[in-house]
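Visitor: See model_6.pdb below, with PDB, C-alpha atoms, pLDDT in the B column.
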```
ATOM      1  CA  ARG A   1      19.493  -6.763  32.076  1.00 69.00           C
ATOM      2  CA  LYS A   2      17.353  -5.765  29.114  1.00 77.00           C
ATOM      3  CA  GLU A   3      15.808  -2.317  29.162  1.00 84.00           C
ATOM      4  CA  VAL A   4      12.352  -3.718  28.452  1.00 90.00           C
ATOM      5  CA  GLU A   5      11.492  -7.302  29.292  1.00 92.00           C
ATOM      6  CA  GLN A   6       8.536  -9.479  28.431  1.00 93.00           C
ATOM      7  CA  ASP A   7       7.761 -13.134  28.866  1.00 91.00           C
ATOM      8  CA  PRO A   8       7.864 -14.430  25.271  1.00 89.00           C
ATOM      9  CA  GLY A   9       5.252 -17.117  25.983  1.00 89.00           C
ATOM     10  CA  PRO A  10       3.504 -18.541  24.099  1.00 93.00           C
ATOM     11  CA  PHE A  11       0.378 -18.110  26.131  1.00 95.00           C
ATOM     12  CA  ASN A  12      -2.161 -20.691  24.967  1.00 96.00           C
ATOM     13  CA  VAL A  13      -5.684 -19.902  26.139  1.00 97.00           C
ATOM     14  CA  PRO A  14      -9.186 -21.025  25.184  1.00 97.00           C
ATOM     15  CA  GLU A  15     -11.671 -18.670  23.591  1.00 97.00           C
ATOM     16  CA  GLY A  16     -13.413 -16.564  26.182  1.00 97.00           C
ATOM     17  CA  ALA A  17     -10.560 -16.669  28.655  1.00 97.00           C
ATOM     18  CA  THR A  18      -9.023 -13.656  30.328  1.00 97.00           C
ATOM     19  CA  VAL A  19      -5.287 -13.299  29.882  1.00 97.00           C
ATOM     20  CA  ALA A  20      -2.784 -10.778  31.201  1.00 96.00           C
ATOM     21  CA  PHE A  21       0.716  -9.846  30.115  1.00 93.00           C
ATOM     22  CA  ASN A  22       3.275  -7.872  32.036  1.00 94.00           C
ATOM     23  CA  CYS A  23       6.237  -5.900  30.828  1.00 95.00           C
ATOM     24  CA  THR A  24       8.995  -4.512  33.032  1.00 95.00           C
ATOM     25  CA  TYR A  25      11.277  -1.594  32.216  1.00 92.00           C
ATOM     26  CA  SER A  26      14.549  -0.638  33.816  1.00 88.00           C
ATOM     27  CA  ASN A  27      14.751   3.122  33.349  1.00 82.00           C
ATOM     28  CA  SER A  28      12.716   4.986  35.942  1.00 79.00           C
ATOM     29  CA  ALA A  29      12.830   8.113  33.774  1.00 78.00           C
ATOM     30  CA  SER A  30      10.806   6.453  31.024  1.00 77.00           C
ATOM     31  CA  GLN A  31       8.053   8.728  29.851  1.00 77.00           C
ATOM     32  CA  SER A  32       5.667   7.027  27.466  1.00 84.00           C
ATOM     33  CA  PHE A  33       4.352   3.512  27.216  1.00 90.00           C
ATOM     34  CA  PHE A  34       2.501   1.597  24.535  1.00 92.00           C
ATOM     35  CA  TRP A  35       1.233  -1.808  23.575  1.00 95.00           C
ATOM     36  CA  TYR A  36       1.617  -2.807  19.939  1.00 95.00           C
ATOM     37  CA  ARG A  37       0.157  -5.842  18.241  1.00 96.00           C
ATOM     38  CA  GLN A  38       2.053  -7.708  15.540  1.00 95.00           C
ATOM     39  CA  ASP A  39       0.559 -10.413  13.366  1.00 95.00           C
ATOM     40  CA  CYS A  40       2.765 -13.039  11.767  1.00 91.00           C
ATOM     41  CA  ARG A  41       4.990 -11.520   9.075  1.00 88.00           C
ATOM     42  CA  LYS A  42       3.303  -8.126   9.413  1.00 92.00           C
ATOM     43  CA  GLU A  43       4.397  -4.802  10.833  1.00 92.00           C
ATOM     44  CA  PRO A  44       3.537  -3.821  14.424  1.00 93.00           C
ATOM     45  CA  LYS A  45       0.439  -1.699  14.860  1.00 92.00           C
ATOM     46  CA  LEU A  46      -0.564   0.389  17.827  1.00 91.00           C
ATOM     47  CA  LEU A  47      -2.994  -1.376  20.113  1.00 95.00           C
ATOM     48  CA  MET A  48      -3.139   1.244  22.833  1.00 93.00           C
ATOM     49  CA  SER A  49      -1.148   3.829  24.723  1.00 89.00           C
ATOM     50  CA  VAL A  50      -0.761   3.320  28.457  1.00 91.00           C
ATOM     51  CA  TYR A  51      -1.598   6.172  30.768  1.00 84.00           C
ATOM     52  CA  SER A  52      -0.746   6.622  34.419  1.00 85.00           C
ATOM     53  CA  SER A  53      -4.374   6.366  35.410  1.00 86.00           C
ATOM     54  CA  GLY A  54      -4.883   3.182  33.397  1.00 88.00           C
ATOM     55  CA  ASN A  55      -7.054   2.994  30.330  1.00 92.00           C
ATOM     56  CA  GLU A  56      -9.539   0.672  28.720  1.00 94.00           C
ATOM     57  CA  ASP A  57     -10.559   0.050  25.142  1.00 94.00           C
ATOM     58  CA  GLY A  58     -13.321  -2.502  24.845  1.00 96.00           C
ATOM     59  CA  ARG A  59     -11.958  -5.856  25.998  1.00 97.00           C
ATOM     60  CA  PHE A  60      -8.466  -4.459  26.499  1.00 97.00           C
ATOM     61  CA  THR A  61      -7.184  -2.766  29.654  1.00 97.00           C
ATOM     62  CA  ALA A  62      -3.732  -1.305  30.074  1.00 96.00           C
ATOM     63  CA  GLN A  63      -2.165  -0.241  33.337  1.00 95.00           C
ATOM     64  CA  LEU A  64       1.059   1.419  34.419  1.00 94.00           C
ATOM     65  CA  ASN A  65       2.784   0.885  37.742  1.00 93.00           C
ATOM     66  CA  ARG A  66       5.617   3.400  37.991  1.00 91.00           C
ATOM     67  CA  ALA A  67       6.664   2.355  41.491  1.00 91.00           C
ATOM     68  CA  SER A  68       7.333  -1.209  40.351  1.00 92.00           C
ATOM     69  CA  GLN A  69       8.260  -0.175  36.812  1.00 92.00           C
ATOM     70  CA  TYR A  70       5.919  -2.357  34.844  1.00 92.00           C
ATOM     71  CA  ILE A  71       2.994  -2.081  32.501  1.00 95.00           C
ATOM     72  CA  SER A  72       0.289  -4.631  31.949  1.00 96.00           C
ATOM     73  CA  LEU A  73      -2.224  -5.604  29.306  1.00 97.00           C
ATOM     74  CA  LEU A  74      -5.396  -7.479  30.178  1.00 97.00           C
ATOM     75  CA  ILE A  75      -7.531  -9.075  27.490  1.00 97.00           C
ATOM     76  CA  ARG A  76     -10.995 -10.219  28.485  1.00 98.00           C
ATOM     77  CA  ASP A  77     -13.201 -12.653  26.594  1.00 98.00           C
ATOM     78  CA  SER A  78     -10.382 -13.686  24.242  1.00 98.00           C
ATOM     79  CA  LYS A  79     -11.223 -14.166  20.566  1.00 98.00           C
ATOM     80  CA  LEU A  80      -9.451 -16.305  18.010  1.00 97.00           C
ATOM     81  CA  SER A  81      -8.544 -13.069  16.241  1.00 97.00           C
ATOM     82  CA  ASP A  82      -6.582 -11.913  19.295  1.00 98.00           C
ATOM     83  CA  SER A  83      -3.876 -14.450  18.430  1.00 97.00           C
ATOM     84  CA  ALA A  84      -0.782 -12.375  17.757  1.00 97.00           C
ATOM     85  CA  THR A  85       2.414 -11.121  19.353  1.00 96.00           C
ATOM     86  CA  TYR A  86       2.011  -8.217  21.748  1.00 97.00           C
ATOM     87  CA  LEU A  87       4.926  -5.825  21.987  1.00 95.00           C
ATOM     88  CA  CYS A  88       5.571  -3.587  24.950  1.00 94.00           C
ATOM     89  CA  VAL A  89       7.125  -0.271  23.937  1.00 90.00           C
ATOM     90  CA  VAL A  90       8.755   2.289  26.194  1.00 88.00           C
ATOM     91  CA  ASN A  91      10.050   5.746  25.385  1.00 80.00           C
ATOM     92  CA  MET A  92      13.362   5.980  27.203  1.00 68.00           C
ATOM     93  CA  ARG A  93      14.480   9.450  26.162  1.00 59.00           C
ATOM     94  CA  GLY A  94      13.242  12.977  26.292  1.00 53.00           C
ATOM     95  CA  ASN A  95      13.140  14.594  22.906  1.00 46.00           C
ATOM     96  CA  THR A  96      14.204  12.358  20.094  1.00 51.00           C
ATOM     97  CA  GLY A  97      11.332   9.958  20.294  1.00 55.00           C
ATOM     98  CA  LYS A  98      13.523   6.873  20.519  1.00 67.00           C
ATOM     99  CA  LEU A  99      11.435   3.883  21.507  1.00 77.00           C
ATOM    100  CA  ILE A 100      12.577   0.629  23.066  1.00 83.00           C
ATOM    101  CA  PHE A 101      10.667  -2.534  22.223  1.00 88.00           C
ATOM    102  CA  GLY A 102      10.250  -5.607  24.317  1.00 91.00           C
ATOM    103  CA  GLN A 103      10.771  -8.966  22.675  1.00 91.00           C
ATOM    104  CA  GLY A 104       7.039  -9.549  22.504  1.00 93.00           C
ATOM    105  CA  THR A 105       4.627 -11.996  24.076  1.00 95.00           C
ATOM    106  CA  THR A 106       2.905 -14.480  21.805  1.00 95.00           C
ATOM    107  CA  LEU A 107      -0.747 -15.260  22.425  1.00 97.00           C
ATOM    108  CA  GLN A 108      -2.530 -18.227  20.856  1.00 97.00           C
ATOM    109  CA  VAL A 109      -6.275 -18.375  21.411  1.00 97.00           C
ATOM    110  CA  LYS A 110      -7.691 -21.841  20.778  1.00 96.00           C
ATOM    111  CA  PRO A 111     -11.286 -22.777  19.905  1.00 95.00           C
TER     112      PRO A 111
ATOM    113  CA  ASP B   1      -4.562   7.653   6.451  1.00 68.00           C
ATOM    114  CA  VAL B   2      -0.950   7.798   7.542  1.00 67.00           C
ATOM    115  CA  LYS B   3       1.455   6.030   5.300  1.00 90.00           C
ATOM    116  CA  VAL B   4       4.984   4.703   5.622  1.00 94.00           C
ATOM    117  CA  THR B   5       6.078   2.984   2.451  1.00 95.00           C
ATOM    118  CA  GLN B   6       8.968   0.602   2.051  1.00 96.00           C
ATOM    119  CA  SER B   7       9.408   0.156  -1.656  1.00 88.00           C
ATOM    120  CA  SER B   8      11.240  -3.169  -1.542  1.00 89.00           C
ATOM    121  CA  ARG B   9       9.276  -5.866   0.227  1.00 92.00           C
ATOM    122  CA  TYR B  10      11.313  -8.964  -0.622  1.00 95.00           C
ATOM    123  CA  LEU B  11      14.943  -8.962  -1.712  1.00 95.00           C
ATOM    124  CA  VAL B  12      17.580 -11.603  -2.262  1.00 97.00           C
ATOM    125  CA  LYS B  13      21.135 -10.306  -2.485  1.00 97.00           C
ATOM    126  CA  ARG B  14      24.567 -11.860  -2.687  1.00 97.00           C
ATOM    127  CA  THR B  15      27.247 -11.489  -0.058  1.00 97.00           C
ATOM    128  CA  GLY B  16      29.251  -8.342  -0.701  1.00 97.00           C
ATOM    129  CA  GLU B  17      26.552  -6.545  -2.661  1.00 97.00           C
ATOM    130  CA  LYS B  18      25.538  -3.012  -1.780  1.00 97.00           C
ATOM    131  CA  VAL B  19      21.904  -2.888  -0.704  1.00 97.00           C
ATOM    132  CA  PHE B  20      19.586   0.107  -0.493  1.00 97.00           C
ATOM    133  CA  LEU B  21      16.354   0.002   1.466  1.00 97.00           C
ATOM    134  CA  GLU B  22      14.126   2.981   0.867  1.00 96.00           C
ATOM    135  CA  CYS B  23      11.456   4.367   3.149  1.00 97.00           C
ATOM    136  CA  VAL B  24       9.072   7.227   2.491  1.00 97.00           C
ATOM    137  CA  GLN B  25       6.499   8.752   4.828  1.00 96.00           C
ATOM    138  CA  ASP B  26       3.775  11.181   3.871  1.00 94.00           C
ATOM    139  CA  MET B  27       2.968  12.571   7.311  1.00 89.00           C
ATOM    140  CA  ASP B  28       5.641  15.281   7.563  1.00 91.00           C
ATOM    141  CA  HIS B  29       7.128  13.511  10.577  1.00 90.00           C
ATOM    142  CA  GLU B  30      10.439  14.703  11.967  1.00 90.00           C
ATOM    143  CA  ASN B  31      11.642  11.377  13.361  1.00 89.00           C
ATOM    144  CA  MET B  32      12.375   8.329  11.267  1.00 93.00           C
ATOM    145  CA  PHE B  33      13.817   4.986  12.307  1.00 93.00           C
ATOM    146  CA  TRP B  34      15.235   1.780  10.934  1.00 96.00           C
ATOM    147  CA  TYR B  35      14.821  -1.416  12.937  1.00 95.00           C
ATOM    148  CA  ARG B  36      15.590  -5.009  12.228  1.00 96.00           C
ATOM    149  CA  GLN B  37      13.549  -7.823  13.680  1.00 94.00           C
ATOM    150  CA  ASP B  38      14.864 -11.312  14.269  1.00 92.00           C
ATOM    151  CA  PRO B  39      13.245 -14.300  16.001  1.00 86.00           C
ATOM    152  CA  GLY B  40      13.983 -14.300  19.710  1.00 81.00           C
ATOM    153  CA  LEU B  41      15.633 -10.881  19.583  1.00 83.00           C
ATOM    154  CA  GLY B  42      12.680  -8.610  18.939  1.00 85.00           C
ATOM    155  CA  LEU B  43      13.040  -5.219  17.308  1.00 89.00           C
ATOM    156  CA  ARG B  44      16.466  -3.643  17.449  1.00 91.00           C
ATOM    157  CA  LEU B  45      17.181  -0.068  16.484  1.00 91.00           C
ATOM    158  CA  ILE B  46      19.801   0.401  13.774  1.00 95.00           C
ATOM    159  CA  TYR B  47      19.718   4.148  13.153  1.00 95.00           C
ATOM    160  CA  PHE B  48      17.328   6.999  13.626  1.00 91.00           C
ATOM    161  CA  SER B  49      17.024  10.532  12.352  1.00 93.00           C
ATOM    162  CA  TYR B  50      15.284  13.480  13.935  1.00 89.00           C
ATOM    163  CA  ASP B  51      15.773  15.921  11.106  1.00 90.00           C
ATOM    164  CA  VAL B  52      16.964  16.206   7.544  1.00 93.00           C
ATOM    165  CA  LYS B  53      20.657  15.333   7.275  1.00 90.00           C
ATOM    166  CA  MET B  54      20.732  14.382  10.960  1.00 91.00           C
ATOM    167  CA  LYS B  55      21.268  10.831  12.116  1.00 93.00           C
ATOM    168  CA  GLU B  56      22.082   8.965  15.281  1.00 92.00           C
ATOM    169  CA  LYS B  57      23.298   5.455  15.818  1.00 93.00           C
ATOM    170  CA  GLY B  58      20.961   3.033  17.432  1.00 90.00           C
ATOM    171  CA  ASP B  59      21.890  -0.139  19.213  1.00 88.00           C
ATOM    172  CA  ILE B  60      23.269  -2.101  16.251  1.00 94.00           C
ATOM    173  CA  PRO B  61      24.649   0.324  13.624  1.00 96.00           C
ATOM    174  CA  GLU B  62      27.629  -1.800  12.574  1.00 96.00           C
ATOM    175  CA  GLY B  63      27.505  -2.714   8.910  1.00 97.00           C
ATOM    176  CA  TYR B  64      24.851  -0.121   8.124  1.00 98.00           C
ATOM    177  CA  SER B  65      24.663   3.511   7.122  1.00 97.00           C
ATOM    178  CA  VAL B  66      21.729   5.829   6.495  1.00 97.00           C
ATOM    179  CA  SER B  67      20.825   8.850   4.450  1.00 97.00           C
ATOM    180  CA  ARG B  68      18.179  11.496   5.023  1.00 97.00           C
ATOM    181  CA  GLU B  69      18.411  14.113   2.302  1.00 95.00           C
ATOM    182  CA  LYS B  70      14.719  14.960   2.388  1.00 96.00           C
ATOM    183  CA  LYS B  71      12.333  14.974   5.311  1.00 95.00           C
ATOM    184  CA  GLU B  72      10.071  12.328   3.880  1.00 96.00           C
ATOM    185  CA  ARG B  73      12.747   9.823   2.882  1.00 97.00           C
ATOM    186  CA  PHE B  74      15.090   7.755   5.047  1.00 97.00           C
ATOM    187  CA  SER B  75      17.328   5.211   3.375  1.00 97.00           C
ATOM    188  CA  LEU B  76      19.190   2.313   4.930  1.00 98.00           C
ATOM    189  CA  ILE B  77      22.365   1.206   3.194  1.00 98.00           C
ATOM    190  CA  LEU B  78      24.238  -2.035   3.589  1.00 97.00           C
ATOM    191  CA  GLU B  79      27.622  -1.239   2.076  1.00 94.00           C
ATOM    192  CA  SER B  80      28.643  -4.883   1.770  1.00 97.00           C
ATOM    193  CA  ALA B  81      25.870  -7.284   2.621  1.00 97.00           C
ATOM    194  CA  SER B  82      26.656 -10.297   4.771  1.00 97.00           C
ATOM    195  CA  THR B  83      24.611 -13.373   5.598  1.00 97.00           C
ATOM    196  CA  ASN B  84      24.099 -12.231   9.183  1.00 97.00           C
ATOM    197  CA  GLN B  85      22.177  -9.252   7.827  1.00 98.00           C
ATOM    198  CA  THR B  86      19.415 -11.553   6.613  1.00 97.00           C
ATOM    199  CA  SER B  87      16.428 -10.204   8.481  1.00 97.00           C
ATOM    200  CA  MET B  88      13.210  -8.255   8.323  1.00 96.00           C
ATOM    201  CA  TYR B  89      13.818  -4.524   8.254  1.00 97.00           C
ATOM    202  CA  LEU B  90      11.178  -2.132   9.490  1.00 96.00           C
ATOM    203  CA  CYS B  91      11.081   1.576   8.825  1.00 96.00           C
ATOM    204  CA  ALA B  92       9.060   3.794  11.132  1.00 93.00           C
ATOM    205  CA  SER B  93       8.259   7.442  11.736  1.00 91.00           C
ATOM    206  CA  THR B  94       6.857   9.633  14.492  1.00 86.00           C
ATOM    207  CA  PRO B  95       6.186  13.328  14.888  1.00 81.00           C
ATOM    208  CA  GLU B  96       8.549  15.329  17.050  1.00 72.00           C
ATOM    209  CA  SER B  97       6.612  15.281  20.280  1.00 66.00           C
ATOM    210  CA  VAL B  98       7.403  12.626  22.811  1.00 56.00           C
ATOM    211  CA  GLY B  99       4.762  10.013  23.329  1.00 61.00           C
ATOM    212  CA  ASN B 100       3.317   9.992  19.867  1.00 69.00           C
ATOM    213  CA  THR B 101       2.379   6.871  18.007  1.00 79.00           C
ATOM    214  CA  ILE B 102       5.060   5.269  15.894  1.00 85.00           C
ATOM    215  CA  TYR B 103       3.947   4.253  12.427  1.00 89.00           C
ATOM    216  CA  PHE B 104       5.615   1.363  10.673  1.00 93.00           C
ATOM    217  CA  GLY B 105       6.112   0.441   7.070  1.00 95.00           C
ATOM    218  CA  GLU B 106       5.155  -3.065   6.001  1.00 93.00           C
ATOM    219  CA  GLY B 107       8.690  -4.358   6.290  1.00 95.00           C
ATOM    220  CA  SER B 108      11.427  -5.438   3.913  1.00 96.00           C
ATOM    221  CA  TRP B 109      12.458  -9.075   3.999  1.00 95.00           C
ATOM    222  CA  LEU B 110      16.114  -9.304   3.031  1.00 97.00           C
ATOM    223  CA  THR B 111      17.897 -12.575   2.378  1.00 97.00           C
ATOM    224  CA  VAL B 112      21.658 -12.469   1.822  1.00 97.00           C
ATOM    225  CA  VAL B 113      23.072 -15.583   0.211  1.00 97.00           C
TER     226      VAL B 113
END
```
Represent the supplied structure as structure tokens.

Guide:
Amino acid sequence: RKEVEQDPGPFNVPEGATVAFNCTYSNSASQSFFWYRQDCRKEPKLLMSVYSSGNEDGRFTAQLNRASQYISLLIRDSKLSDSATYLCVVNMRGNTGKLIFGQGTTLQVKP
Amino acid sequence: DVKVTQSSRYLVKRTGEKVFLECVQDMDHENMFWYRQDPGLGLRLIYFSYDVKMKEKGDIPEGYSVSREKKERFSLILESASTNQTSMYLCASTPESVGNTIYFGEGSWLTVV
């Protein structure tokens, strides 16, 4: 079983739709969680950190469920510019900052 | 603005050649990483370093070595390039504290022929 798993998609949605991605992790001692966005042939960039209480940034909401060991990303009112691959990232260790990446979920927003 | 710079963006090398990929960060970060990214496999950690002259193997270190002589520079070395090392290589850095954002370079696209 992979340490961090995501549905690769692609998720094809119309503009204005609400879409949600989940990411599961296997190590219950994981400490930090992030969503990164990666455009085609570009480097990943931080979209948002995920906090235990859940957090929101505009149209984006991230949530953490430690009991079930998953994190989620909700995108409301999808825009064409949201088309990208969304990477789930989990910190699996204590001090060295090693991060484990999910395979990524591809989102295509259509007009 | 934080900056991680990978000096070689696109390279084509022959099988058996020695390849150096250089990465420099200007944020005084302790941790630096080399990943490779392949379709369907996501990002896989090759090596990381948490201090000058320190290094640890990641998940796929075979065929690679690294060097960190100065805090700001982390080099990835392919001693004898092979075709299965054709990939996009991403360098990244983070400060020491757990939970901090990881910053990526723009990537180096390596083709081994």

Visitor: For this structure, which residues satisfy the selection - the PyMOL selection byres ((chain A) within 12 of (chain B)) - when it is evaluated on the file as given? I want them as JSON, numbers by chain.

Guide: {"A": [2, 3, 4, 5, 6, 7, 8, 9, 30, 31, 32, 33, 34, 35, 36, 37, 38, 39, 40, 41, 42, 43, 44, 45, 46, 47, 48, 49, 50, 51, 85, 86, 87, 88, 89, 90, 91, 92, 93, 94, 95, 96, 97, 98, 99, 100, 101, 102, 103, 104, 105, 106]}

Visitor: Evaluate the PyMOL selection byres ((chain B and resi 85) around 12) and record the selected residues as an MDAnalysis selection string, following the chain and residue labels used in the document.

Guide: chainID B and resid 11:19 35:38 46 60:64 77:84 86:89 109:113

Visitor: How many Å separate atom CA of Thr24 of chain A from atom CA of Arg66 of chain A?

Guide: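 Distance reported for this atom pair: 9.9 Å.
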
Visitor: Please report the interatomic distance between atom CA of Ser52 of chain A and atom CA of Ala20 of chain A in Å with one decimal.

Guide: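 Computed distance, atom CA of Ser52 of chain A to atom CA of Ala20 of chain A, equals 17.8 Å.
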
Visitor: Which polymer residues, whether protein, DNA or RNA, lie within 8 Å of the coordinate (10.3, 16.0, 5.0) when you count only C-alpha atoms? List them as JSON, numbers by chain, using the chain letters and numbers from the file.

Guide: {"B": [28, 29, 30, 52, 70, 71, 72, 73]}

Visitor: Take atom CA of Ser72 of chain A and atom CA of Lys110 of chain A and report the distance between them in Å, one decimal.

Guide: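 These atoms are spaced 22.0 Å apart.
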
Visitor: Listed atoms of segment 99-107 of chain A, axis-aligned box, 5 Å per side: centre and edge lengths to one decimal in Å, as lines of an AutoDock Vina configuration file?

Guide:
```
center_x = 5.9
center_y = -5.7
center_z = 22.9
size_x = 23.3
size_y = 29.1
size_z = 12.8
```

Visitor: Take the PyMOL selection byres ((chain A and resi 63) around 9), run it mentally on this structure, and tell me the resulting residues as a list in words.

Guide: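 Taken on the displayed file, the PyMOL selection byres ((chain A and resi 63) around 9) yields the residues Val50, Tyr51, Ser52, Ser53, Gly54, Asn55, Glu56, Thr61, Ala62, Leu64, Asn65, Tyr70, Ile71, Ser72, Leu73 and Leu74 of chain A.
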
Visitor: Find the spatial neighbours of Met54 of chain B, counting only C-alpha atoms, within a cut-off of 9 Å - ignore same-chain residues fewer than 6 positions away - and output them as a PyMOL selection string.

Guide: chain B and resi 48+67-69

Visitor: Compile the contact shell of Ile75 of chain A as an NGL selection string: residues with an atom at most 12 Å away, counting only C-alpha atoms, same-chain residues fewer than 6 positions apart removed.

Guide: :A and (13 or 15-22 or 47 or 56-63 or 81-83 or 86 or 107 or 109)

Visitor: Which is closest to Asp59 of chain B among B:Cys23, B:Gln6, B:Trp34, B:Tyr47, if we use only C-alpha atoms?

Guide: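 Going through B:Cys23, B:Gln6, B:Trp34, B:Tyr47 one by one, the smallest distance to Asp59 of chain B is for B:Tyr47.
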
Visitor: Place N, CA and C atoms on segment 7-30 of chain B and deliver the coordinates as a compact mmCIF listing (two decimals), in the frame of the given file.

Guide:
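Now in selection-v7.txt:
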```
# COMPACT_ATOMS: atom_id res chain seq x y z
N SER B 7 9.63 0.50 -0.25
CA SER B 7 9.41 0.16 -1.66
C SER B 7 9.80 -1.29 -1.97
N SER B 8 10.81 -1.80 -1.27
CA SER B 8 11.24 -3.17 -1.54
C SER B 8 10.72 -4.08 -0.45
N ARG B 9 9.85 -4.99 -0.78
CA ARG B 9 9.28 -5.87 0.23
C ARG B 9 10.10 -7.14 0.40
N TYR B 10 10.55 -7.71 -0.69
CA TYR B 10 11.31 -8.96 -0.62
C TYR B 10 12.53 -8.85 -1.53
N LEU B 11 13.71 -9.05 -0.93
CA LEU B 11 14.94 -8.96 -1.71
C LEU B 11 15.83 -10.16 -1.41
N VAL B 12 16.53 -10.61 -2.43
CA VAL B 12 17.58 -11.60 -2.26
C VAL B 12 18.84 -11.02 -2.86
N LYS B 13 19.88 -10.91 -2.05
CA LYS B 13 21.14 -10.31 -2.48
C LYS B 13 22.30 -11.25 -2.20
N ARG B 14 23.37 -11.04 -2.91
CA ARG B 14 24.57 -11.86 -2.69
C ARG B 14 25.48 -11.18 -1.69
N THR B 15 26.25 -12.00 -0.99
CA THR B 15 27.25 -11.49 -0.06
C THR B 15 28.16 -10.50 -0.78
N GLY B 16 28.38 -9.35 -0.13
CA GLY B 16 29.25 -8.34 -0.70
C GLY B 16 28.55 -7.29 -1.53
N GLU B 17 27.31 -7.53 -1.88
CA GLU B 17 26.55 -6.54 -2.66
C GLU B 17 26.20 -5.34 -1.80
N LYS B 18 26.03 -4.21 -2.46
CA LYS B 18 25.54 -3.01 -1.78
C LYS B 18 24.02 -3.03 -1.87
N VAL B 19 23.36 -2.79 -0.75
CA VAL B 19 21.90 -2.89 -0.70
C VAL B 19 21.32 -1.56 -0.21
N PHE B 20 20.30 -1.10 -0.90
CA PHE B 20 19.59 0.11 -0.49
C PHE B 20 18.16 -0.27 -0.12
N LEU B 21 17.75 0.15 1.07
CA LEU B 21 16.35 0.00 1.47
C LEU B 21 15.77 1.40 1.62
N GLU B 22 14.71 1.64 0.89
CA GLU B 22 14.13 2.98 0.87
C GLU B 22 12.85 3.03 1.69
N CYS B 23 12.66 4.16 2.35
CA CYS B 23 11.46 4.37 3.15
C CYS B 23 10.96 5.79 2.95
N VAL B 24 9.68 5.91 2.69
CA VAL B 24 9.07 7.23 2.49
C VAL B 24 7.83 7.34 3.36
N GLN B 25 7.71 8.50 4.04
CA GLN B 25 6.50 8.75 4.83
C GLN B 25 5.84 10.04 4.35
N ASP B 26 4.52 10.04 4.41
CA ASP B 26 3.78 11.18 3.87
C ASP B 26 3.10 12.00 4.97
N MET B 27 3.63 11.92 6.18
CA MET B 27 2.97 12.57 7.31
C MET B 27 3.74 13.78 7.83
N ASP B 28 4.81 14.15 7.13
CA ASP B 28 5.64 15.28 7.56
C ASP B 28 6.24 15.06 8.96
N HIS B 29 6.55 13.82 9.27
CA HIS B 29 7.13 13.51 10.58
C HIS B 29 8.60 13.87 10.62
N GLU B 30 9.03 14.34 11.80
CA GLU B 30 10.44 14.70 11.97
C GLU B 30 11.32 13.46 12.17
```
